[in-house]
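Data file: query-v5.txt. Format and content: compact mmCIF, C-alpha atoms.
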```txt
# COMPACT_ATOMS: atom_id res chain seq x y z
CA MET A 106 -13.00 34.02 -116.54
CA ILE A 107 -9.58 34.16 -114.88
CA VAL A 108 -7.26 37.04 -115.62
CA PHE A 109 -3.58 36.91 -114.78
CA ALA A 110 -1.56 40.07 -114.70
CA ALA A 111 2.12 40.49 -114.11
CA LYS A 112 4.29 43.50 -113.94
CA VAL A 113 7.40 42.82 -115.98
CA SER A 114 10.30 45.18 -116.02
CA VAL A 115 13.01 45.46 -118.63
CA LYS A 116 15.54 44.21 -116.03
CA LYS A 117 13.53 40.98 -115.49
CA VAL A 118 13.24 40.35 -119.24
CA VAL A 119 16.98 40.89 -119.77
CA ALA A 120 17.79 38.64 -116.78
CA GLY A 121 15.50 35.92 -118.15
CA VAL A 122 17.07 36.09 -121.60
CA LEU A 123 20.56 35.89 -120.08
CA VAL A 124 19.64 32.83 -118.00
CA VAL A 125 18.15 31.03 -121.00
CA GLY A 126 21.21 31.96 -123.08
CA ALA A 127 23.58 30.66 -120.39
CA VAL A 128 21.72 27.34 -120.21
CA ALA A 129 21.75 26.98 -124.01
CA LEU A 130 25.46 27.80 -124.13
CA GLY A 131 26.18 25.26 -121.40
CA VAL A 132 24.32 22.54 -123.27
CA ALA A 133 26.08 23.42 -126.53
CA VAL A 134 29.49 23.26 -124.87
CA LEU A 135 28.91 20.06 -122.86
CA ALA A 136 27.08 17.96 -125.48
CA PRO A 137 30.06 17.61 -127.87
CA ALA A 138 32.35 16.89 -124.90
CA ALA A 139 30.05 14.09 -123.75
CA ALA A 140 30.03 12.59 -127.26
CA GLU A 141 33.83 12.75 -127.39
CA THR A 142 34.03 11.02 -124.01
CA VAL A 143 31.97 8.09 -125.31
CA SER A 144 34.13 7.83 -128.44
CA ALA A 145 37.34 8.05 -126.42
CA SER A 146 36.20 5.41 -123.95
CA ALA A 147 35.32 3.10 -126.84
CA ALA A 148 38.78 3.61 -128.30
CA GLN A 149 40.37 2.86 -124.92
CA GLY A 150 38.40 -0.39 -124.42
CA GLU A 151 36.15 1.03 -121.72
CA VAL A 152 32.75 0.59 -123.36
CA GLU A 153 30.18 -0.27 -120.72
CA LEU A 154 27.56 -2.94 -121.24
CA ASP A 155 24.84 -0.38 -120.51
CA SER A 156 25.96 1.95 -123.32
CA LYS A 157 23.44 2.82 -126.02
CA LEU A 158 24.13 0.80 -129.15
CA LYS A 159 22.38 2.53 -132.03
CA THR A 160 24.79 1.66 -134.84
CA ASN A 161 26.68 -1.36 -136.10
CA GLU A 162 29.95 0.49 -135.40
CA GLN A 163 28.97 0.88 -131.73
CA ARG A 164 28.11 -2.83 -131.46
CA VAL A 165 31.44 -3.85 -133.03
CA ALA A 166 33.29 -1.37 -130.76
CA LEU A 167 31.62 -2.95 -127.70
CA LEU A 168 32.81 -6.42 -128.71
CA ASP A 169 36.27 -5.08 -129.53
CA SER A 170 36.50 -3.37 -126.13
CA TYR A 171 36.19 -6.80 -124.49
CA GLY A 172 38.86 -8.30 -126.77
CA TRP A 173 36.58 -9.98 -129.33
CA GLN A 174 37.59 -9.49 -132.96
CA VAL A 175 34.60 -9.95 -135.26
CA ASP A 176 33.68 -9.53 -138.90
CA PRO A 177 32.36 -5.96 -138.99
CA GLU A 178 29.07 -6.95 -140.65
CA PRO A 179 26.66 -9.10 -138.66
CA ARG A 180 26.10 -12.62 -139.94
CA SER A 181 22.44 -12.19 -139.07
CA GLU A 182 20.03 -9.68 -137.63
CA ARG A 183 16.59 -10.85 -136.58
CA GLU A 184 13.77 -10.01 -134.26
CA VAL A 185 13.21 -12.49 -131.43
CA GLN A 186 10.59 -12.92 -128.72
CA ILE A 187 11.85 -13.40 -125.18
CA PRO A 188 9.63 -15.96 -123.43
CA LYS A 189 7.18 -14.78 -120.76
CA THR A 190 8.37 -17.54 -118.45
CA PHE A 191 11.88 -19.00 -118.42
CA ASP A 192 12.55 -22.71 -118.65
CA GLU A 193 15.80 -24.22 -117.33
CA THR A 194 17.72 -23.23 -120.46
CA TYR A 195 16.69 -19.58 -120.22
CA GLN A 196 17.36 -19.56 -116.46
CA ALA A 197 20.89 -20.85 -117.11
CA TYR A 198 21.35 -18.27 -119.88
CA ASN A 199 20.11 -15.48 -117.62
CA ALA A 200 22.60 -16.62 -114.94
CA ILE A 201 25.37 -15.89 -117.48
CA GLN A 202 23.84 -12.47 -118.08
CA LEU A 203 23.60 -11.73 -114.35
CA GLU A 204 27.32 -12.51 -113.96
CA GLN A 205 28.14 -9.72 -116.41
CA GLY A 206 25.66 -7.21 -115.01
CA LEU A 207 22.73 -7.79 -117.37
CA ASP A 208 19.31 -9.28 -116.62
CA LEU A 209 16.68 -10.63 -119.01
CA VAL A 210 13.87 -10.88 -116.43
CA PRO A 211 12.54 -7.32 -117.01
CA TYR A 212 12.24 -8.17 -120.71
CA GLN A 213 10.20 -11.37 -120.40
CA GLY A 214 7.52 -11.43 -123.10
CA LYS A 215 9.16 -8.55 -125.00
CA ARG A 216 10.66 -8.41 -128.48
CA ALA A 217 14.30 -7.59 -129.15
CA THR A 218 16.77 -7.70 -132.03
CA LEU A 219 19.46 -10.38 -132.07
CA TYR A 220 22.70 -9.46 -133.85
CA THR A 221 25.09 -12.34 -134.52
CA TYR A 222 28.73 -11.66 -135.43
CA GLU A 223 31.31 -14.18 -136.59
CA LEU A 224 34.49 -14.14 -134.47
CA THR A 225 37.62 -13.94 -136.61
CA GLU A 226 39.51 -15.96 -134.01
CA TYR A 227 38.84 -17.63 -130.69
CA PRO A 228 41.60 -18.21 -128.08
CA THR A 229 41.22 -22.01 -128.23
CA GLY A 230 41.46 -21.99 -132.02
CA GLU A 231 37.91 -23.26 -132.40
CA GLU A 232 36.18 -22.28 -135.65
CA GLY A 233 32.61 -21.04 -136.10
CA VAL A 234 32.36 -19.19 -132.79
CA THR A 235 29.90 -16.29 -132.74
CA ALA A 236 29.17 -13.25 -130.62
CA ASN A 237 25.47 -12.57 -129.99
CA LEU A 238 24.09 -9.21 -128.89
CA LEU A 239 20.44 -8.96 -127.89
CA ILE A 240 19.29 -5.36 -128.09
CA ARG A 241 15.99 -3.71 -127.17
CA ARG A 242 15.44 0.00 -127.79
CA ASN A 243 19.18 0.53 -128.44
CA ARG A 244 20.08 -1.04 -125.08
CA LEU A 245 22.07 -4.23 -124.67
CA ILE A 246 19.97 -6.69 -122.66
CA ALA A 247 22.01 -9.88 -123.23
CA ALA A 248 25.35 -10.81 -124.78
CA ASP A 249 27.23 -14.05 -125.23
CA ILE A 250 29.99 -15.85 -127.06
CA SER A 251 28.93 -19.29 -128.27
CA SER A 252 29.86 -22.28 -130.35
CA ALA A 253 27.13 -24.10 -132.26
CA GLU A 254 29.00 -27.43 -132.16
CA SER A 255 27.27 -30.38 -130.47
CA ASP A 256 29.75 -30.11 -127.58
CA GLY A 257 29.75 -26.32 -127.81
CA PHE A 258 29.75 -23.64 -125.14
CA VAL A 259 28.13 -20.37 -124.16
CA HIS A 260 29.71 -17.71 -121.97
CA GLY A 261 29.42 -13.96 -121.44
CA ILE A 262 31.34 -11.44 -123.51
CA THR A 263 33.14 -10.19 -120.41
CA GLU A 264 34.75 -13.62 -119.96
CA PHE A 265 37.84 -14.04 -122.12
CA PRO A 266 39.29 -17.58 -121.98
CA GLU A 267 43.00 -18.12 -121.76
CA ASN A 268 43.99 -21.16 -123.84
CA GLY A 269 40.75 -23.09 -123.46
CA ASP A 270 39.70 -22.23 -119.91
CA ILE A 271 35.99 -22.34 -120.84
CA GLN A 272 34.20 -25.43 -119.58
CA LYS A 273 31.91 -26.93 -122.18
CA GLU A 274 28.28 -27.60 -121.30
CA ASP A 275 26.12 -30.46 -122.49
CA THR A 276 22.41 -30.12 -123.20
CA ALA A 277 21.50 -30.89 -119.57
CA GLY A 278 23.40 -27.81 -118.42
CA GLU A 279 26.14 -29.78 -116.63
CA THR A 280 29.79 -29.22 -117.39
CA ALA A 281 31.55 -31.77 -119.55
CA ASP A 282 33.54 -33.07 -116.56
CA GLY A 283 30.24 -33.99 -114.81
CA ALA A 284 30.31 -31.26 -112.18
```

Write-out of the structure in C-alpha cells:
Amino acid sequence: MIVFAAKVSVKKVVAGVLVVGAVALGVAVLAPAAAETVSASAAQGEVELDSKLKTNEQRVALLDSYGWQVDPEPRSEREVQIPKTFDETYQAYNAIQLEQGLDLVPYQGKRATLYTYELTEYPTGEEGVTANLLIRRNRLIAADISSAESDGFVHGITEFPENGDIQKEDTAGETADGA
C-alpha cells in the first residue's frame, strides 16, 4: 500500500483558489470576445475557409463573404462518400480545392455532408448556378461554384469571375478553347 502525505498550509490553499479563479475569469472574459471576433469577421467579409461551419447561417455567411449571394436555405443536403482513390475527375476537382487552400486527399474514403445552395445571380447572367460546400465534422473540406449545363463549369468559391472570365470545361477536362 502506498501512502502519500502532504503538508498543506492555508496560504497554499488560498493561493491555489486564487490561481484557479484567475484562470476561470480569464476564460470567461476572453470566450465572448473570441465569439464576437468571429461574428465581426463574418460581417466584414473575412470568413476563412478553415472556419468551423456548424450552422446554416455560418455556411451562408461564408459564401456571402466571398461575394456569392445564395438562397438562404440549401437546395439539398446529403451525405456523400469520398472515393478511396481519385480518378482523373476527382484529381481535377482536388486541384481546384488546392488552389483555394483546401485538400480532399486526407478525406479519401471518408463520409461528408454536401450542402448545395442556389445562387441568386451569377456575374455572367447564367441561370441555375449552384454553390456546393462539402463539410466533415463541421469543417469545410471542399467548396465550388458550378453549372450543371452540358457546357457548364466548376471553379472554387474564392474565384469571382468578372463578366464571364471563367473558362468552361468539357467532360475530358480540357478548356472549351482546346487548351

Review point. Do you know which residues are at most 7 Å from Ile240 in chain A counting all atoms listed in the file, after dropping those on the same chain fewer than 6 positions away, and could you put them as a list in words?
Key: Ala217, Thr218, Leu219 and Ile246 of chain A

Go ahead and write the selection's residues with C-alpha atoms as an mmCIF file, keeping the file's coordinate frame.
```
data_model
loop_
_atom_site.group_PDB
_atom_site.id
_atom_site.type_symbol
_atom_site.label_atom_id
_atom_site.label_comp_id
_atom_site.auth_asym_id
_atom_site.auth_seq_id
_atom_site.Cartn_x
_atom_site.Cartn_y
_atom_site.Cartn_z
ATOM 1 C CA ALA A 217 14.300 -7.590 -129.150
ATOM 2 C CA THR A 218 16.770 -7.700 -132.030
ATOM 3 C CA LEU A 219 19.460 -10.380 -132.070
ATOM 4 C CA ILE A 246 19.970 -6.690 -122.660
#
```

Practice item. Figure out the distance between CA of Glu204 in chain A and CA of Tyr171 in chain A, please, to one decimal in Å. Key: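 Separation between CA of Tyr171 in chain A and CA of Glu204 in chain A: 14.9 Å.
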
Check your understanding: Between A:Ser255, A:Thr221, A:Gln213, A:Ile262, which has the minimum distance to Asn161 in chain A (counting only C-alpha atoms)?
Key ->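 With only C-alpha atoms as the atom set, the closest residue is A:Thr221.
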
Exercise for review: For Val259 in chain A, work out the shell of residues within 7 Å, counting all atoms listed in the file and skipping chain neighbours fewer than 2 positions away, then give it as JSON, numbers by chain.
Suggested key: {"A": [249, 250, 251, 252]}

Check your understanding: Given the choices A:Lys159, A:His260, A:Arg241, A:Arg183, which gets closest to Ala200 in chain A if the distance is worked out from all atoms listed in the file?
Key -> A:His260

Practice item. Would you work out the distance separating CA of Tyr198 in chain A from CA of Glu264 in chain A, expressed in Å to one decimal? Key: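 Straight-line distance from CA of Tyr198 in chain A to CA of Glu264 in chain A works out to 14.2 Å.
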
Practice item. Identify, on the basis of all atoms listed in the file, every residue whose closest approach to Ala247 in chain A does not exceed 9 Å; exclude the query and any residue fewer than 4 positions from it along the same chain; express the result as a list in words. Key: Asn199, Ile201, Gln202, Leu207, Asp208, Leu209, Asn237, Leu238, Leu239, Ile240 and Gly261 of chain A

Revision key, fill the gap. Pairwise distance, CA of Asn243 in chain A with CA of Pro266 in chain A, equals 27.8 Å

Review point. So, counting only C-alpha atoms, which residue among A:Glu232, A:Glu226, A:Asp256, A:Glu267 is closest to Trp173 in chain A?
Key: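 Distance minimum relative to Trp173 in chain A lands on A:Glu226.
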
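With only C-alpha atoms as the atoms that count, the residue of A:Pro179, A:Gly214, A:Pro188, A:Gly206 with the shortest distance to Thr235 in chain A is A:Pro179.
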